[in-house]
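Comments concern the structure below.
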Amino acid sequence: MGHSPIQGADSSDWHIEATLVMNAEHHAMAMAIRAAVFLAEEDNITYSDEFDGNDFVATHFLAFVNGDPAGVIRLRWFNGFAMLERVGIRKRYRSYKVFAALARVSLEHARQKGYRLVTGRSRGETIKLWRRFHGRQSGPEIHMYRGTLVPTLFELPARPGTQMEVGAFGDPDYEDLITQLEGTWDFSLLQHRHREAAE
């Protein structure tokens with residue numbers, strides 16, 4: 001899951017924002033970052049290695065530094081778990097701050113969707129960075145064309161009232177919640193329903 005941040009990158013005047021990719025321009029930015037990181041920097045990665053059909057069925061997040069696209073992460077969804085992959089940060093912005101912004105937004109998004117398990121594969125020293133987000137090695141190293149990867153697992157805490165749950169389909173509050181724009185859910189609708197159920 002990505003390259004190790006450059007040590008000592010001067011990020012003192014950076015304004016970093018991480019956001020869900022929601023339009024074609026942001027998707028193009030995400031693909032451009034991955035091309036700059038993986039195709040331009042790694043001799044063993046081909047175009048078809050890096051770009052696949054999963055790019056159109058996955059969720060992407062972008063990090064911006066002072067408005068400039070700086071990093072990307074991809075999240076794919078399975079039954080009972082999500083998978084983090086394709087973490088790329090442009091060399092000039094490769095820092096822990098950008099990495100942390102991407103890690104936080106993607107893991108929180110998975111948690112809010114109701115996922116308790118997230119997996120991924122860490123590259124090199126990035127396992128140490130993922131440990132700061134409670135990631136742990138979940139098996140022996142895997143040797144692939146992308147290099148040596150460490151399977152990594154995150155167990156996300158449940159926070160009732162602030163994540164998607166299977167609910168009362170047809171209930172107006174629940175229907176309002178699940179039809180909202182991705183990532184902009186108003187969980188007060190769930191909290192209202194929980195209060196009524198407790199009364």
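Every chain in the structure tokens has a letter given in the order shown (A, B, ...), and although residue numbers restart at 1 in each chain, ligands are simply numbered from 1 in the order shown.
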Quick one: residues within 9 Å of segment 148-159 of chain A, only C-alpha atoms, excluding same-chain residues fewer than 6 positions away - as a list of chain:residue names?
A:Met1, A:Leu107, A:Glu108, A:Ala110, A:Arg111, A:Gln112, A:Gly114, A:Tyr115, A:Arg116, A:Leu117, A:Val118, A:Thr119, A:Gly120, A:Arg121, A:Ser122, A:Arg123, A:Gly124, A:Ile127, A:Trp130, A:Phe133, A:His134, A:Gly135, A:Arg136, A:Gln137, A:Ser138, A:Gly139, A:Pro140, A:Glu141, A:Ile142
File of the preceding selection, N, CA and C atoms, as a compact mmCIF listing (two decimals), in the first residue's frame:
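Just written: result.txt:
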```txt
# COMPACT_ATOMS: atom_id res chain seq x y z
N MET A 1 0.84 -1.19 0.00
CA MET A 1 0.00 0.00 0.00
C MET A 1 0.88 1.24 0.00
N LEU A 107 -10.19 4.99 6.11
CA LEU A 107 -10.61 4.09 7.19
C LEU A 107 -11.91 4.56 7.84
N GLU A 108 -12.06 5.86 8.01
CA GLU A 108 -13.29 6.39 8.59
C GLU A 108 -14.47 6.16 7.67
N ALA A 110 -14.84 3.66 5.56
CA ALA A 110 -15.19 2.24 5.69
C ALA A 110 -15.96 2.00 6.98
N ARG A 111 -15.51 2.60 8.07
CA ARG A 111 -16.20 2.42 9.35
C ARG A 111 -17.61 2.95 9.29
N GLN A 112 -17.81 4.13 8.69
CA GLN A 112 -19.14 4.71 8.61
C GLN A 112 -20.07 3.86 7.75
N GLY A 114 -20.16 0.81 7.91
CA GLY A 114 -20.48 -0.36 8.72
C GLY A 114 -19.45 -1.46 8.66
N TYR A 115 -18.32 -1.25 7.99
CA TYR A 115 -17.29 -2.27 7.90
C TYR A 115 -16.44 -2.26 9.16
N ARG A 116 -16.18 -3.45 9.69
CA ARG A 116 -15.34 -3.58 10.89
C ARG A 116 -13.94 -4.08 10.54
N LEU A 117 -13.79 -4.69 9.37
CA LEU A 117 -12.50 -5.22 8.95
C LEU A 117 -12.07 -4.58 7.64
N VAL A 118 -10.82 -4.12 7.61
CA VAL A 118 -10.21 -3.59 6.40
C VAL A 118 -8.86 -4.28 6.25
N THR A 119 -8.56 -4.72 5.04
CA THR A 119 -7.29 -5.38 4.79
C THR A 119 -6.51 -4.60 3.73
N GLY A 120 -5.28 -4.95 3.57
CA GLY A 120 -4.43 -4.34 2.56
C GLY A 120 -3.08 -5.04 2.55
N ARG A 121 -2.19 -4.55 1.71
CA ARG A 121 -0.84 -5.10 1.65
C ARG A 121 0.14 -3.94 1.71
N SER A 122 0.97 -3.93 2.73
CA SER A 122 1.92 -2.83 2.93
C SER A 122 3.22 -3.12 2.20
N ARG A 123 3.78 -2.05 1.67
CA ARG A 123 5.07 -2.17 0.97
C ARG A 123 6.17 -1.61 1.85
N GLY A 124 7.22 -2.38 2.01
CA GLY A 124 8.40 -1.90 2.71
C GLY A 124 8.11 -1.35 4.09
N ILE A 127 4.43 -0.48 6.59
CA ILE A 127 3.76 -1.21 7.67
C ILE A 127 3.90 -0.46 8.99
N TRP A 130 1.26 2.24 8.96
CA TRP A 130 -0.09 1.71 9.16
C TRP A 130 -0.32 1.28 10.59
N PHE A 133 -2.23 3.52 12.73
CA PHE A 133 -3.68 3.50 12.54
C PHE A 133 -4.25 2.14 12.95
N HIS A 134 -3.52 1.45 13.82
CA HIS A 134 -3.92 0.17 14.40
C HIS A 134 -3.93 -0.97 13.39
N GLY A 135 -3.17 -0.82 12.32
CA GLY A 135 -3.00 -1.93 11.39
C GLY A 135 -1.97 -2.90 11.94
N ARG A 136 -2.15 -4.17 11.65
CA ARG A 136 -1.19 -5.18 12.12
C ARG A 136 -0.93 -6.19 11.01
N GLN A 137 0.24 -6.77 11.04
CA GLN A 137 0.57 -7.80 10.06
C GLN A 137 -0.32 -9.00 10.30
N SER A 138 -0.96 -9.50 9.24
CA SER A 138 -1.93 -10.58 9.41
C SER A 138 -1.48 -11.90 8.79
N GLY A 139 -0.25 -11.96 8.34
CA GLY A 139 0.26 -13.20 7.74
C GLY A 139 1.69 -13.00 7.27
N PRO A 140 2.29 -14.04 6.70
CA PRO A 140 3.67 -13.92 6.21
C PRO A 140 3.75 -13.01 4.99
N GLU A 141 4.93 -12.50 4.73
CA GLU A 141 5.15 -11.63 3.57
C GLU A 141 4.78 -12.35 2.28
N ILE A 142 4.27 -11.57 1.33
CA ILE A 142 3.87 -12.09 0.02
C ILE A 142 4.83 -11.54 -1.02
```
Using only C-alpha atoms, tabulate the residues of segment 30-67 of chain A lying at most 7 Å from any atom of segment 82-97 of chain A, each with its closest atom pair and that distance in Å to one decimal, by chain and increasing residue number, as a Markdown table.
```
| residue | atom | partner | partner_atom | distance |
| --- | --- | --- | --- | --- |
| A:Ile33 | CA | A:Arg90 | CA | 6.4 |
| A:Arg34 | CA | A:Gly88 | CA | 5.8 |
| A:Ala36 | CA | A:Arg90 | CA | 6.8 |
| A:Val37 | CA | A:Arg90 | CA | 5.9 |
```
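The gap separating atom CA of Asp43 of chain A from atom CA of Ile73 of chain A is 20.9 Å, in Å to one decimal.
Atom pair atom CA of Asp186 of chain A / atom CA of Gly161 of chain A: separated by 10.1 Å.
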Check which residues of segment 48-68 of chain A sit at most 9 Å from segment 19-31 of chain A using only C-alpha atoms, and return one row each with the closest pair of atoms and their distance in Å to one decimal, ordered by chain and rising number, as a Markdown table.
```
| residue | atom | partner | partner_atom | distance |
| --- | --- | --- | --- | --- |
| A:Phe51 | CA | A:Met31 | CA | 8.3 |
| A:Asp55 | CA | A:Met31 | CA | 8.8 |
| A:Thr59 | CA | A:Val21 | CA | 7.2 |
| A:His60 | CA | A:Val21 | CA | 5.4 |
| A:Phe61 | CA | A:Leu20 | CA | 4.5 |
| A:Leu62 | CA | A:Thr19 | CA | 5.5 |
| A:Ala63 | CA | A:Thr19 | CA | 6.5 |
| A:Phe64 | CA | A:Thr19 | CA | 8.4 |
```
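As for atom CA of Ser12 of chain A and atom CA of Phe99 of chain A, they are spaced 15.1 Å apart.
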Residue set, segment 4-187 of chain A restricted to strand (DSSP E), as a count of residues only:
52
Running DSSP on the backbone, which parts of segment 16-69 of chain A land in alpha helix (DSSP H), as a list in words?
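Everything in segment 16-69 of chain A that counts as alpha helix (DSSP H) is Ala24, Glu25, His26, His27, Ala28, Met29, Ala30, Met31, Ala32, Ile33, Arg34, Ala40, Glu41, Tyr47, Ser48, Asp49 and Glu50 of chain A.
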Deliver the residues from the most recent selection as a file, using N, CA and C atoms, as an mmCIF file, in the first residue's frame.
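Now in result_36.cif:
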```
data_model
loop_
_atom_site.group_PDB
_atom_site.id
_atom_site.type_symbol
_atom_site.label_atom_id
_atom_site.label_comp_id
_atom_site.auth_asym_id
_atom_site.auth_seq_id
_atom_site.Cartn_x
_atom_site.Cartn_y
_atom_site.Cartn_z
ATOM 1 N N ALA A 24 -15.626 13.267 -12.422
ATOM 2 C CA ALA A 24 -14.674 12.790 -13.433
ATOM 3 C C ALA A 24 -13.329 13.496 -13.319
ATOM 4 N N GLU A 25 -13.322 14.780 -12.977
ATOM 5 C CA GLU A 25 -12.051 15.504 -12.851
ATOM 6 C C GLU A 25 -11.213 14.934 -11.712
ATOM 7 N N HIS A 26 -11.839 14.678 -10.586
ATOM 8 C CA HIS A 26 -11.096 14.101 -9.460
ATOM 9 C C HIS A 26 -10.612 12.689 -9.776
ATOM 10 N N HIS A 27 -11.425 11.927 -10.517
ATOM 11 C CA HIS A 27 -10.992 10.585 -10.900
ATOM 12 C C HIS A 27 -9.761 10.669 -11.816
ATOM 13 N N ALA A 28 -9.766 11.617 -12.742
ATOM 14 C CA ALA A 28 -8.607 11.805 -13.619
ATOM 15 C C ALA A 28 -7.371 12.192 -12.813
ATOM 16 N N MET A 29 -7.557 13.029 -11.798
ATOM 17 C CA MET A 29 -6.436 13.399 -10.922
ATOM 18 C C MET A 29 -5.874 12.172 -10.212
ATOM 19 N N ALA A 30 -6.777 11.315 -9.720
ATOM 20 C CA ALA A 30 -6.343 10.109 -9.016
ATOM 21 C C ALA A 30 -5.508 9.217 -9.939
ATOM 22 N N MET A 31 -5.967 9.041 -11.182
ATOM 23 C CA MET A 31 -5.231 8.202 -12.128
ATOM 24 C C MET A 31 -3.885 8.840 -12.507
ATOM 25 N N ALA A 32 -3.868 10.166 -12.601
ATOM 26 C CA ALA A 32 -2.620 10.864 -12.933
ATOM 27 C C ALA A 32 -1.584 10.685 -11.829
ATOM 28 N N ILE A 33 -2.026 10.745 -10.587
ATOM 29 C CA ILE A 33 -1.098 10.547 -9.464
ATOM 30 C C ILE A 33 -0.525 9.137 -9.506
ATOM 31 N N ARG A 34 -1.390 8.156 -9.740
ATOM 32 C CA ARG A 34 -0.896 6.784 -9.787
ATOM 33 C C ARG A 34 0.077 6.579 -10.936
ATOM 34 N N ALA A 40 5.958 6.004 -13.527
ATOM 35 C CA ALA A 40 7.156 6.817 -13.727
ATOM 36 C C ALA A 40 8.306 6.411 -12.808
ATOM 37 N N GLU A 41 7.996 5.901 -11.627
ATOM 38 C CA GLU A 41 9.047 5.634 -10.645
ATOM 39 C C GLU A 41 9.481 4.175 -10.573
ATOM 40 N N TYR A 47 1.577 -0.678 -17.444
ATOM 41 C CA TYR A 47 0.290 0.020 -17.418
ATOM 42 C C TYR A 47 -0.827 -0.923 -16.980
ATOM 43 N N SER A 48 -0.858 -2.131 -17.531
ATOM 44 C CA SER A 48 -1.925 -3.073 -17.190
ATOM 45 C C SER A 48 -1.791 -3.617 -15.768
ATOM 46 N N ASP A 49 -0.575 -3.562 -15.194
ATOM 47 C CA ASP A 49 -0.415 -3.917 -13.779
ATOM 48 C C ASP A 49 -1.123 -2.889 -12.892
ATOM 49 N N GLU A 50 -0.971 -1.642 -13.239
ATOM 50 C CA GLU A 50 -1.440 -0.561 -12.367
ATOM 51 C C GLU A 50 -2.914 -0.231 -12.564
#
```
From the list A:Pro172, A:Gly147, A:Pro69, A:Gly167, which residue is nearest His15 of chain A when using only C-alpha atoms?
A:Pro69
Measuring between only C-alpha atoms, which one of A:Ile16, A:Leu181, A:Met144, A:Leu190 shows the shortest distance to Val166 of chain A?
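Among the listed residues, A:Leu190 lies closest to Val166 of chain A.
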Can you pull out every residue within 12 Å of Gln180 of chain A, counting only C-alpha atoms, but drop anything in the same chain fewer than 6 positions away, and send it as a VMD selection string?
chain A and resid 164 173 to 174 186 to 187 189
When distances are computed from only C-alpha atoms, which of A:Val57, A:Glu17, A:Leu177, A:Glu42 shows the smallest separation from Ala100 of chain A?
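Of the candidates, the smallest distance to Ala100 of chain A is held by A:Glu17.
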